[in-house]
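J.: upload35.tsv is reproduced below (TSV, C-alpha atoms).
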```tsv
chain	number	residue	atom	x	y	z
P	18	MET	CA	-3.89	24.39	-17.31
P	19	THR	CA	-7.31	25.65	-16.25
P	20	VAL	CA	-8.95	22.43	-17.40
P	21	ALA	CA	-6.18	19.91	-16.63
P	22	PHE	CA	-5.42	20.79	-13.00
P	23	PRO	CA	-9.02	20.67	-11.71
P	24	LEU	CA	-9.51	17.39	-13.58
P	25	VAL	CA	-6.37	15.82	-12.11
P	26	ILE	CA	-7.21	17.02	-8.59
P	27	SER	CA	-10.78	15.72	-8.90
P	28	LEU	CA	-9.53	12.31	-9.97
P	29	ALA	CA	-7.01	12.25	-7.10
P	30	VAL	CA	-9.69	13.14	-4.53
P	31	MET	CA	-12.03	10.52	-5.98
P	32	ALA	CA	-9.30	7.87	-5.90
P	33	TYR	CA	-8.89	8.35	-2.15
P	34	ALA	CA	-12.42	9.28	-1.08
P	35	TRP	CA	-14.51	6.84	-3.11
P	36	PRO	CA	-13.04	3.60	-1.66
P	37	ALA	CA	-13.24	5.07	1.85
P	38	SER	CA	-16.94	5.86	1.36
P	39	ARG	CA	-17.67	2.26	0.35
P	40	ILE	CA	-16.10	0.51	3.34
P	41	ALA	CA	-18.17	-2.53	4.34
P	42	PRO	CA	-17.41	-6.22	4.96
P	43	ARG	CA	-17.31	-8.32	1.79
P	44	ASP	CA	-16.59	-12.01	2.43
P	45	LEU	CA	-14.56	-11.05	5.48
P	46	PRO	CA	-13.04	-14.29	6.86
P	47	VAL	CA	-14.15	-14.85	10.46
P	48	GLY	CA	-14.33	-17.89	12.67
P	49	VAL	CA	-17.19	-19.40	14.67
P	50	VAL	CA	-16.37	-21.79	17.48
P	51	GLY	CA	-18.40	-25.01	17.62
P	52	ALA	CA	-21.16	-26.48	15.49
P	53	SER	CA	-23.76	-26.34	18.27
P	54	THR	CA	-27.17	-24.71	18.07
P	55	ALA	CA	-25.69	-21.53	19.51
P	56	GLY	CA	-23.02	-21.46	16.79
P	57	GLN	CA	-25.59	-22.00	14.06
P	58	SER	CA	-27.71	-19.23	15.51
P	59	ALA	CA	-24.65	-16.96	15.46
P	60	VAL	CA	-24.05	-17.69	11.78
P	61	GLU	CA	-27.69	-16.99	10.96
P	62	GLY	CA	-27.66	-13.80	12.99
P	63	LEU	CA	-24.47	-12.50	11.37
P	64	THR	CA	-25.77	-13.37	7.91
P	65	HIS	CA	-28.93	-11.40	8.64
P	66	TYR	CA	-26.89	-8.55	10.14
P	67	LYS	CA	-24.51	-8.23	7.16
P	68	PRO	CA	-25.72	-10.25	4.14
P	69	GLY	CA	-22.69	-11.42	2.18
P	70	GLY	CA	-20.37	-9.67	4.59
P	71	PHE	CA	-18.70	-12.64	6.29
P	72	ASP	CA	-16.97	-15.80	5.16
P	73	PHE	CA	-17.48	-18.21	8.06
P	74	HIS	CA	-14.95	-20.82	9.17
P	75	LEU	CA	-15.96	-23.30	11.88
P	76	TYR	CA	-13.46	-24.32	14.58
P	77	PRO	CA	-13.88	-26.91	17.33
P	78	ASP	CA	-12.45	-24.85	20.19
P	79	GLN	CA	-10.86	-21.54	21.12
P	80	ALA	CA	-7.30	-22.86	20.87
P	81	SER	CA	-7.70	-23.70	17.19
P	82	VAL	CA	-9.35	-20.41	16.32
P	83	ARG	CA	-6.69	-18.41	18.18
P	84	SER	CA	-4.05	-20.21	16.13
P	85	ALA	CA	-5.96	-19.33	12.95
P	86	ILE	CA	-6.02	-15.66	13.95
P	87	ARG	CA	-2.26	-15.64	14.61
P	88	ASN	CA	-1.67	-17.29	11.22
P	89	ARG	CA	-3.83	-14.62	9.51
P	90	GLU	CA	-6.37	-17.16	8.27
P	91	VAL	CA	-9.24	-15.17	9.83
P	92	TYR	CA	-9.53	-11.65	11.22
P	93	GLY	CA	-11.35	-12.76	14.36
P	94	ALA	CA	-13.94	-15.18	15.73
P	95	PHE	CA	-17.19	-15.42	17.65
P	96	VAL	CA	-17.55	-17.78	20.59
P	97	VAL	CA	-21.27	-18.06	21.34
P	98	THR	CA	-22.54	-20.03	24.32
P	99	ALA	CA	-25.81	-20.13	26.22
P	100	GLY	CA	-24.40	-17.70	28.75
P	101	GLY	CA	-22.60	-15.16	26.61
P	102	VAL	CA	-20.81	-14.02	23.48
P	103	THR	CA	-17.03	-13.63	23.26
P	104	VAL	CA	-15.38	-11.86	20.33
P	105	LEU	CA	-11.80	-12.84	19.58
P	106	GLU	CA	-10.20	-10.08	17.50
P	107	ALA	CA	-6.80	-8.86	16.33
P	108	THR	CA	-6.35	-5.10	16.31
P	109	ALA	CA	-2.91	-5.62	14.75
P	110	ALA	CA	-4.60	-7.01	11.62
P	111	SER	CA	-7.01	-4.07	11.37
P	112	THR	CA	-8.44	-1.77	14.00
P	113	THR	CA	-11.40	-1.08	11.70
P	114	VAL	CA	-12.22	-4.78	11.42
P	115	ALA	CA	-11.86	-5.18	15.18
P	116	GLN	CA	-14.44	-2.43	15.76
P	117	LEU	CA	-16.74	-4.06	13.20
P	118	LEU	CA	-16.49	-7.43	14.94
P	119	THR	CA	-17.16	-5.81	18.31
P	120	THR	CA	-20.35	-4.21	16.98
P	121	ALA	CA	-21.47	-7.49	15.41
P	122	GLY	CA	-20.81	-9.33	18.68
P	123	GLN	CA	-22.93	-6.83	20.58
P	124	GLN	CA	-25.75	-7.44	18.11
P	125	LEU	CA	-25.41	-11.18	18.68
P	126	ALA	CA	-25.54	-10.73	22.44
P	127	ALA	CA	-28.64	-8.54	22.20
P	128	HIS	CA	-30.28	-11.10	19.91
P	129	ALA	CA	-29.39	-13.99	22.23
P	130	ALA	CA	-30.85	-12.15	25.21
P	131	LYS	CA	-34.23	-12.00	23.47
P	132	LEU	CA	-34.32	-15.67	22.46
P	133	PRO	CA	-35.56	-17.17	25.78
P	134	ALA	CA	-38.57	-14.85	25.92
P	135	SER	CA	-39.55	-14.88	22.25
P	136	HIS	CA	-38.73	-18.48	21.32
P	137	ALA	CA	-39.71	-20.36	24.49
P	138	LYS	CA	-42.23	-23.10	23.73
P	139	PRO	CA	-44.72	-24.34	26.36
P	140	ALA	CA	-44.77	-27.99	27.31
P	141	ALA	CA	-47.42	-30.29	25.82
P	142	GLY	CA	-50.78	-30.13	27.57
P	143	THR	CA	-50.12	-26.81	29.23
P	144	SER	CA	-51.46	-23.40	28.53
P	145	SER	CA	-49.36	-21.02	26.46
P	146	ARG	CA	-50.68	-18.07	28.46
P	147	PRO	CA	-47.85	-16.75	30.66
P	148	THR	CA	-48.50	-16.14	34.33
P	149	ALA	CA	-46.87	-13.73	36.66
P	150	ARG	CA	-45.66	-16.56	38.90
P	151	LYS	CA	-43.92	-18.39	36.05
P	152	SER	CA	-42.25	-15.25	34.81
P	153	LEU	CA	-40.98	-14.52	38.27
P	154	ALA	CA	-39.84	-18.09	38.80
P	155	LYS	CA	-37.95	-18.25	35.51
P	156	PRO	CA	-36.43	-14.86	34.72
P	157	VAL	CA	-34.77	-14.27	31.36
P	158	PRO	CA	-31.06	-15.11	31.75
P	159	LYS	CA	-28.60	-12.30	31.12
P	160	VAL	CA	-26.17	-12.80	28.21
P	161	SER	CA	-22.67	-11.55	28.87
P	162	PHE	CA	-20.44	-9.96	26.25
P	163	ARG	CA	-16.68	-9.47	26.15
P	164	THR	CA	-13.85	-8.97	23.68
P	165	VAL	CA	-10.38	-10.51	23.69
P	166	ASP	CA	-7.56	-8.98	21.65
P	167	VAL	CA	-5.54	-11.99	20.50
P	168	VAL	CA	-2.91	-9.98	18.57
P	169	SER	CA	-2.83	-6.39	19.72
P	170	THR	CA	-1.06	-3.38	18.29
P	171	SER	CA	1.94	-1.82	19.96
P	172	ALA	CA	1.33	-0.07	23.27
P	173	ASP	CA	2.92	3.06	21.76
P	174	ASP	CA	0.52	2.90	18.80
P	175	PRO	CA	-2.72	1.48	20.22
P	176	ARG	CA	-4.94	2.67	17.36
P	177	GLY	CA	-2.50	1.87	14.58
P	178	VAL	CA	-2.35	5.49	13.45
P	179	VAL	CA	1.44	5.55	13.04
P	180	PHE	CA	1.42	2.29	11.11
P	181	ASN	CA	-1.37	3.46	8.78
P	182	SER	CA	0.32	6.82	8.16
P	183	ALA	CA	3.66	5.36	7.05
P	184	LEU	CA	2.68	4.08	3.62
P	185	LEU	CA	2.08	7.33	1.72
P	186	PRO	CA	5.45	8.99	2.51
P	187	LEU	CA	7.15	5.64	1.85
P	188	THR	CA	5.65	5.56	-1.65
P	189	ILE	CA	6.54	9.18	-2.39
P	190	CYS	CA	10.13	8.71	-1.19
P	191	SER	CA	10.48	5.65	-3.41
P	192	ILE	CA	9.47	7.66	-6.47
P	193	LEU	CA	11.85	10.47	-5.50
P	194	ILE	CA	14.69	7.96	-5.30
P	195	ALA	CA	13.78	6.71	-8.76
P	196	ALA	CA	13.68	10.26	-10.15
P	197	LEU	CA	17.11	11.13	-8.73
P	198	ILE	CA	18.70	7.97	-10.13
P	199	ALA	CA	16.97	7.87	-13.50
P	200	MET	CA	16.94	11.57	-14.38
P	201	SER	CA	20.40	12.52	-13.14
P	202	GLY	CA	22.72	13.91	-15.78
P	203	THR	CA	25.59	11.63	-14.77
P	204	GLN	CA	26.52	9.07	-17.39
P	205	MET	CA	26.86	5.64	-15.79
P	206	PRO	CA	26.44	2.02	-16.85
P	207	SER	CA	23.31	0.03	-16.04
P	208	TRP	CA	25.00	-2.06	-13.35
P	209	ARG	CA	25.94	1.12	-11.48
P	210	ARG	CA	22.32	2.31	-11.54
P	211	LEU	CA	21.18	-1.06	-10.20
P	212	ILE	CA	23.66	-0.90	-7.32
P	213	ASP	CA	22.66	2.68	-6.51
P	214	LEU	CA	19.00	1.69	-6.53
P	215	LEU	CA	19.51	-1.26	-4.19
P	216	ALA	CA	21.69	0.75	-1.81
P	217	ALA	CA	19.30	3.71	-1.71
P	218	CYS	CA	16.27	1.52	-0.96
P	219	ALA	CA	18.10	-0.41	1.78
P	220	ALA	CA	19.37	2.77	3.44
P	221	THR	CA	16.01	4.56	3.20
P	222	GLY	CA	14.17	1.50	4.48
P	223	LEU	CA	16.48	1.40	7.49
P	224	ALA	CA	15.90	5.10	8.15
P	225	ALA	CA	12.11	4.62	7.95
P	226	TYR	CA	12.32	1.68	10.37
P	227	LEU	CA	14.44	3.63	12.85
P	228	VAL	CA	11.85	6.41	12.90
P	229	ALA	CA	8.76	4.15	13.03
P	230	GLU	CA	10.12	1.83	15.71
P	231	GLY	CA	13.00	3.65	17.38
P	232	LEU	CA	11.15	6.92	17.91
P	233	LEU	CA	7.46	5.95	17.68
P	234	GLY	CA	7.41	2.26	18.67
P	235	ALA	CA	4.98	1.19	15.93
P	236	LEU	CA	6.88	-1.88	14.62
P	237	PRO	CA	7.70	-3.88	17.75
P	238	HIS	CA	8.63	-7.37	16.45
P	239	GLU	CA	10.95	-9.13	13.98
P	240	HIS	CA	13.23	-6.15	13.47
P	241	LEU	CA	15.39	-7.52	10.66
P	242	ALA	CA	12.41	-8.91	8.72
P	243	THR	CA	10.53	-5.65	9.15
P	244	TRP	CA	13.47	-3.68	7.78
P	245	GLY	CA	13.56	-6.11	4.86
P	246	ALA	CA	9.84	-5.62	4.22
P	247	LEU	CA	10.25	-1.84	4.12
P	248	SER	CA	13.25	-2.03	1.81
P	249	LEU	CA	11.61	-4.54	-0.54
P	250	THR	CA	8.49	-2.38	-0.79
P	251	MET	CA	10.56	0.67	-1.68
P	252	LEU	CA	12.61	-1.35	-4.18
P	253	ALA	CA	9.48	-2.58	-5.96
P	254	ILE	CA	8.19	0.98	-6.36
P	255	SER	CA	11.56	2.55	-7.23
P	256	ALA	CA	12.60	-0.17	-9.67
P	257	THR	CA	9.27	0.10	-11.47
P	258	SER	CA	9.67	3.87	-11.77
P	259	VAL	CA	13.27	3.70	-13.04
P	260	GLY	CA	12.28	0.95	-15.47
P	261	LEU	CA	9.47	3.08	-16.89
P	262	VAL	CA	11.82	6.04	-17.31
P	263	THR	CA	14.32	3.77	-19.07
P	264	LEU	CA	11.64	2.52	-21.48
P	265	ILE	CA	9.56	5.62	-22.22
P	266	GLY	CA	11.59	8.56	-20.95
P	267	PRO	CA	10.76	11.23	-18.33
P	268	ALA	CA	7.04	10.54	-18.67
P	269	GLY	CA	7.71	7.32	-16.78
P	270	ILE	CA	8.01	9.24	-13.51
P	271	GLY	CA	4.56	10.75	-13.95
P	272	LEU	CA	3.09	7.40	-14.91
P	273	SER	CA	4.62	5.60	-11.94
P	274	ALA	CA	3.50	8.37	-9.56
P	275	ALA	CA	-0.08	8.12	-10.84
P	276	LEU	CA	-0.02	4.32	-10.55
P	277	MET	CA	1.55	4.06	-7.10
P	278	VAL	CA	0.29	7.19	-5.32
P	279	PHE	CA	-3.20	7.63	-6.76
P	280	VAL	CA	-4.09	3.96	-7.31
P	281	GLY	CA	-1.78	1.84	-5.19
P	282	ASN	CA	-2.13	3.80	-1.95
P	283	PRO	CA	-5.93	4.27	-1.75
P	284	PHE	CA	-6.54	0.74	-3.05
P	285	SER	CA	-4.11	-0.84	-0.56
P	286	GLY	CA	-6.62	-1.07	2.31
P	287	ILE	CA	-3.96	-0.21	4.87
P	288	THR	CA	-6.32	1.96	6.95
P	289	SER	CA	-9.08	-0.69	6.92
P	290	ALA	CA	-8.64	-4.06	5.15
P	291	PRO	CA	-8.78	-5.25	1.54
P	292	GLU	CA	-11.97	-7.18	2.34
P	293	LEU	CA	-13.69	-3.95	3.38
P	294	LEU	CA	-13.16	-2.28	0.00
P	295	PRO	CA	-15.14	-3.00	-3.18
P	296	GLN	CA	-13.93	-6.34	-4.47
P	297	ALA	CA	-12.27	-5.10	-7.66
P	298	VAL	CA	-10.55	-2.29	-5.72
P	299	GLY	CA	-9.21	-4.63	-3.07
P	300	ASP	CA	-7.93	-7.12	-5.65
P	301	ILE	CA	-6.14	-4.43	-7.67
P	302	GLY	CA	-4.61	-2.98	-4.52
P	303	GLN	CA	-3.07	-6.30	-3.47
P	304	TRP	CA	-1.40	-6.71	-6.87
P	305	LEU	CA	0.33	-3.33	-6.58
P	306	PRO	CA	3.45	-2.74	-4.43
P	307	PRO	CA	1.83	-0.41	-1.84
P	308	GLY	CA	-0.90	-2.92	-0.97
P	309	ALA	CA	1.40	-5.94	-0.96
P	310	GLY	CA	3.99	-4.02	1.06
P	311	ALA	CA	1.45	-2.92	3.67
P	312	ASN	CA	0.25	-6.48	4.29
P	313	LEU	CA	3.81	-7.80	4.32
P	314	LEU	CA	4.71	-5.17	6.91
P	315	ARG	CA	1.78	-6.25	9.11
P	316	SER	CA	2.86	-9.86	8.87
P	317	THR	CA	6.46	-9.19	9.82
P	318	ALA	CA	5.74	-6.63	12.55
P	319	TYR	CA	2.94	-8.49	14.37
P	320	PHE	CA	2.34	-12.02	13.04
P	321	ASP	CA	5.84	-13.54	12.81
P	322	GLY	CA	5.70	-13.43	9.02
P	323	ALA	CA	2.50	-15.49	8.70
P	324	ALA	CA	0.73	-15.40	5.30
P	325	SER	CA	3.51	-13.30	3.77
P	326	GLY	CA	4.46	-15.54	0.84
P	327	GLY	CA	2.02	-14.08	-1.65
P	328	HIS	CA	2.94	-10.49	-0.78
P	329	ILE	CA	6.66	-11.23	-1.15
P	330	ALA	CA	5.97	-12.78	-4.56
P	331	VAL	CA	4.12	-9.66	-5.75
P	332	LEU	CA	6.90	-7.32	-4.60
P	333	ALA	CA	9.58	-9.57	-6.09
P	334	LEU	CA	7.75	-9.62	-9.42
P	335	TRP	CA	7.54	-5.82	-9.65
P	336	SER	CA	11.18	-5.48	-8.57
P	337	THR	CA	12.36	-8.02	-11.14
P	338	LEU	CA	10.45	-6.39	-13.98
P	339	GLY	CA	11.77	-2.95	-13.09
P	340	LEU	CA	15.39	-4.03	-12.66
P	341	THR	CA	15.25	-6.00	-15.91
P	342	ALA	CA	14.01	-2.92	-17.75
P	343	VAL	CA	16.89	-0.90	-16.29
P	344	ALA	CA	19.46	-3.52	-17.26
P	345	LEU	CA	18.20	-4.23	-20.79
P	346	GLY	CA	16.40	-1.03	-21.74
P	347	ARG	CA	17.74	1.87	-23.76
P	348	ARG	CA	19.76	4.71	-22.25
P	349	THR	CA	17.92	7.34	-20.27
P	350	PRO	CA	17.26	10.69	-21.99
P	351	ALA	CA	19.81	12.58	-19.93
P	352	VAL	CA	22.63	10.13	-20.74
P	353	ALA	CA	21.61	9.96	-24.39
P	354	ASN	CA	21.70	13.75	-24.71
P	355	GLU	CA	25.16	13.93	-23.16
P	356	THR	CA	26.45	11.25	-25.52
P	357	LEU	CA	24.95	13.05	-28.51
P	358	ALA	CA	26.60	16.31	-27.46
P	359	ALA	CA	29.95	14.54	-27.11
P	360	GLU	CA	29.58	13.12	-30.61
P	361	TYR	CA	28.89	16.57	-32.03
P	362	ALA	CA	31.93	17.97	-30.25
P	363	ALA	CA	34.12	15.20	-31.63
P	364	ALA	CA	32.80	15.88	-35.12
P	365	ASP	CA	33.65	19.58	-34.81
P	366	ASP	CA	37.18	18.78	-33.65
P	367	GLY	CA	37.66	16.40	-36.51
P	368	SER	CA	36.57	18.98	-39.07
P	369	SER	CA	39.24	21.44	-37.91
P	370	ASP	CA	41.96	18.83	-38.50
P	371	SER	CA	40.74	17.87	-41.97
P	372	PRO	CA	42.43	19.08	-45.19
P	373	ALA	CA	39.55	21.41	-45.78
P	374	GLY	CA	40.54	23.19	-42.61
P	375	ASP	CA	43.85	24.26	-44.18
P	376	GLU	CA	42.21	25.99	-47.11
P	377	THR	CA	42.47	29.73	-47.30
P	378	PRO	CA	39.22	31.34	-46.33
P	379	THR	CA	37.30	32.91	-49.16
P	380	ALA	CA	37.94	36.62	-49.30
P	381	LEU	CA	35.04	38.76	-48.37
P	382	PRO	CA	33.77	41.14	-51.00
P	383	SER	CA	34.86	44.68	-50.67
P	384	SER	CA	32.40	46.76	-48.79
P	385	PRO	CA	32.49	49.84	-46.67
P	386	THR	CA	32.49	47.69	-43.56
P	387	ASN	CA	35.39	45.58	-44.79
P	388	ARG	CA	37.59	48.49	-45.97
P	389	PRO	CA	40.32	49.67	-43.58
P	390	HIS	CA	39.85	52.96	-41.88
P	391	SER	CA	41.30	55.97	-43.63
P	392	HIS	CA	43.58	56.64	-40.68
P	393	ALA	CA	45.02	53.17	-41.10
P	394	ARG	CA	45.67	53.85	-44.79
P	395	HIS	CA	47.47	57.10	-44.01
P	396	THR	CA	49.56	55.31	-41.47
P	397	ALA	CA	50.46	52.61	-43.98
P	398	HIS	CA	51.55	55.23	-46.53
P	399	GLY	CA	53.58	56.98	-43.98
```
Represent the structure contained in this file as structure tokens.
T.:
Amino acid sequence: MTVAFPLVISLAVMAYAWPASRIAPRDLPVGVVGASTAGQSAVEGLTHYKPGGFDFHLYPDQASVRSAIRNREVYGAFVVTAGGVTVLEATAASTTVAQLLTTAGQQLAAHAAKLPASHAKPAAGTSSRPTARKSLAKPVPKVSFRTVDVVSTSADDPRGVVFNSALLPLTICSILIAALIAMSGTQMPSWRRLIDLLAACAATGLAAYLVAEGLLGALPHEHLATWGALSLTMLAISATSVGLVTLIGPAGIGLSAALMVFVGNPFSGITSAPELLPQAVGDIGQWLPPGAGANLLRSTAYFDGAASGGHIAVLALWSTLGLTAVALGRRTPAVANETLAAEYAAADDGSSDSPAGDETPTALPSSPTNRPHSHARHTAHG
């Protein structure tokens, strides 16, 4: 206990703290409007600002790049002109990424403001020595900077805190549902466990939605689809947990809790973005139910279900594997123990009805403890 608990706690802290300490853009998909000299300068400046941090997509105009942001093809875009820099962002996709894009846009604006003075070339046949009159006649133009939130978070949850805080209790509740269904002492067929699992996840998903949206206003759009996303996420986690218990016994609950809570949650990127985590961490997180469920919930709540196909496929795969294990796997330990006890009881009842049960018991040898009391003997003689 003295060695195991500190080790487990250290691993749990590391699982959550290490990815958070390594947050940085890694091939973050962003858009750049136009293929002009200003756009090329923006790409060069961003590459110098964050080497390997951005995956650039060129768009001809703002309408096309806004559509790409709403379809979750890019997290945001930079519109760079001679007079200013505009950052198109989506706080609903990630408030952390939106802040990162804002900072990068400010760097671009500061860099563009220095270009006229540092890169101006004198005309042929003229002196390169600046004069006071020329500098006064041609002042350095001021570069404007602004941000536009294309897809914003709910007004009741402007920083996305409620949305980001919902995943961990959702995962824990899913494992609790699995533990109650799989480890209960009630003997029931597999089809009954499947029905109970589906009903519990649907009801709990509805309760979570009513709290997150009805009381806190954090899931403002596509109400039915959002409820479905919550329920499917819980089903994927619960079905996996029940399936593991069915296959390997009570240790399956501990294994599923370690996988979903200490790997799935911190690797999900819900508080930042998968592209801000180390690449292997982000990839693993998106193949686990918490990460796929978080991105599916973003798509249904803010982006009309855009780019949700892959996340639905991941959740459906985990749900199918778990439900198949429940349907085809062996009986759970609790049910098996009850059946074994019933068999022993039946065997005992059968032995009392057998011919051997009618035999006269073997007489005990005479001993002081088996002899009748002297008072009883006197009474018998009398």
J.: Rounded to one decimal in Å, what is the spacing between CA of Phe180 in chain P and CA of Leu340 in chain P?
T.: 28.3 Å
J.: Padding 4 Å on each side, edges along x, y and z: where is the centre of the box around the listed atoms of range 162-179 of chain P, and how long are its edges in Å to one decimal? Output it as AutoDock Vina command-line options.
T.:
```
--center_x -8.8 --center_y -3.2 --center_z 19.6 --size_x 31.4 --size_y 25.5 --size_z 21.2
```
J.: Please measure the separation of CA of Gly286 in chain P and CA of Ala342 in chain P, giving the value in Å to one decimal.
T.: 28.8 Å
J.: Which one is closest to Gly62 in chain P: P:Ile26, P:Val165, P:Ala127, P:Val91? Count all atoms listed in the file.
T.: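 Between P:Ile26, P:Val165, P:Ala127, P:Val91, the residue approaching Gly62 in chain P most closely is P:Ala127.
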J.: Between P:Pro23, P:Pro186, P:Pro206, P:Pro42, which residue has the minimum interatomic distance to Leu247 in chain P, considering all atoms listed in the file?
T.: P:Pro186
J.: Between CA of Ala80 in chain P and CA of Gly93 in chain P, what is the distance, to one decimal in Å?
T.: 12.7 Å
J.: So that I can see what lies close to range 96-98 of chain P, please list as a tab-separated table (two decimals) with C-alpha atoms, in the frame of the given file the residues with an atom at most 7 Å from it, counting all atoms listed in the file and leaving out residues fewer than 6 positions away in the same chain.
T.:
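Done, and the output landed in selection36.tsv:
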```tsv
chain	number	residue	atom	x	y	z
P	49	VAL	CA	-17.19	-19.40	14.67
P	50	VAL	CA	-16.37	-21.79	17.48
P	55	ALA	CA	-25.69	-21.53	19.51
P	56	GLY	CA	-23.02	-21.46	16.79
P	59	ALA	CA	-24.65	-16.96	15.46
P	104	VAL	CA	-15.38	-11.86	20.33
```
J.: Under the rule that only C-alpha atoms are counted, which of P:Ser273, P:Gln296, P:Ser285, P:Gln79 is the nearest residue to Asp44 in chain P?
T.: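 Between P:Ser273, P:Gln296, P:Ser285, P:Gln79, the residue approaching Asp44 in chain P most closely is P:Gln296.
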J.: Which residues, written as a PyMOL selection string, have at least one atom at most 6 Å from range 305-318 of chain P, with only C-alpha atoms counted and residues fewer than 5 positions away on the same chain left out?
T.: chain P and resi 236+238-239+243+246+250+281-282+285+323+325+328+332
J.: Restricting the calculation to only C-alpha atoms, which member of P:Val60, P:Val47, P:Ala256, P:Val30 is positioned closest to Ala94 in chain P?
T.: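 Of P:Val60, P:Val47, P:Ala256, P:Val30, the one nearest Ala94 in chain P is P:Val47, counting only C-alpha atoms.
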J.: Pick from P:Ala34, P:Ile40, P:Leu211, P:Val278: nearest to Leu185 in chain P, with all atoms listed in the file counted?
T.: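 Among P:Ala34, P:Ile40, P:Leu211, P:Val278, it is P:Val278 that comes nearest to Leu185 in chain P.
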J.: List the neighbours of range 275-277 of chain P out to 12 Å using all atoms listed in the file; skip same-chain residues closer than 3 positions along the sequence, and give me the result as an MDAnalysis selection string.
T.: chainID P and resid 25:26 28:29 32 184:192 250:251 253:255 257:258 261 268:272 280:285 301:310 335
J.: Once you count all atoms listed in the file, which residues end up no further than 12 Å from (-18.2, -10.3, 25.6) in the file's frame, shown as number ranges by chain?
T.: P: 94-98, 100-106, 118-127, 159-166
J.: Export, as a PDB file, keeping the file's coordinate frame, the selected residues with C-alpha atoms.
T.:
```pdb
ATOM      1  CA  ALA P  94     -13.940 -15.180  15.730  1.00  0.00           C
ATOM      2  CA  PHE P  95     -17.190 -15.420  17.650  1.00  0.00           C
ATOM      3  CA  VAL P  96     -17.550 -17.780  20.590  1.00  0.00           C
ATOM      4  CA  VAL P  97     -21.270 -18.060  21.340  1.00  0.00           C
ATOM      5  CA  THR P  98     -22.540 -20.030  24.320  1.00  0.00           C
ATOM      6  CA  GLY P 100     -24.400 -17.700  28.750  1.00  0.00           C
ATOM      7  CA  GLY P 101     -22.600 -15.160  26.610  1.00  0.00           C
ATOM      8  CA  VAL P 102     -20.810 -14.020  23.480  1.00  0.00           C
ATOM      9  CA  THR P 103     -17.030 -13.630  23.260  1.00  0.00           C
ATOM     10  CA  VAL P 104     -15.380 -11.860  20.330  1.00  0.00           C
ATOM     11  CA  LEU P 105     -11.800 -12.840  19.580  1.00  0.00           C
ATOM     12  CA  GLU P 106     -10.200 -10.080  17.500  1.00  0.00           C
ATOM     13  CA  LEU P 118     -16.490  -7.430  14.940  1.00  0.00           C
ATOM     14  CA  THR P 119     -17.160  -5.810  18.310  1.00  0.00           C
ATOM     15  CA  THR P 120     -20.350  -4.210  16.980  1.00  0.00           C
ATOM     16  CA  ALA P 121     -21.470  -7.490  15.410  1.00  0.00           C
ATOM     17  CA  GLY P 122     -20.810  -9.330  18.680  1.00  0.00           C
ATOM     18  CA  GLN P 123     -22.930  -6.830  20.580  1.00  0.00           C
ATOM     19  CA  GLN P 124     -25.750  -7.440  18.110  1.00  0.00           C
ATOM     20  CA  LEU P 125     -25.410 -11.180  18.680  1.00  0.00           C
ATOM     21  CA  ALA P 126     -25.540 -10.730  22.440  1.00  0.00           C
ATOM     22  CA  ALA P 127     -28.640  -8.540  22.200  1.00  0.00           C
ATOM     23  CA  LYS P 159     -28.600 -12.300  31.120  1.00  0.00           C
ATOM     24  CA  VAL P 160     -26.170 -12.800  28.210  1.00  0.00           C
ATOM     25  CA  SER P 161     -22.670 -11.550  28.870  1.00  0.00           C
ATOM     26  CA  PHE P 162     -20.440  -9.960  26.250  1.00  0.00           C
ATOM     27  CA  ARG P 163     -16.680  -9.470  26.150  1.00  0.00           C
ATOM     28  CA  THR P 164     -13.850  -8.970  23.680  1.00  0.00           C
ATOM     29  CA  VAL P 165     -10.380 -10.510  23.690  1.00  0.00           C
ATOM     30  CA  ASP P 166      -7.560  -8.980  21.650  1.00  0.00           C
TER      31      ASP P 166
END
```
J.: Taking into account all atoms listed in the file, which residue in the set P:Ala333, P:Val178, P:Ala217, P:Ala41 is nearest to Thr108 in chain P?
T.: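 The shortest atom-to-atom distance to Thr108 in chain P comes from P:Val178.
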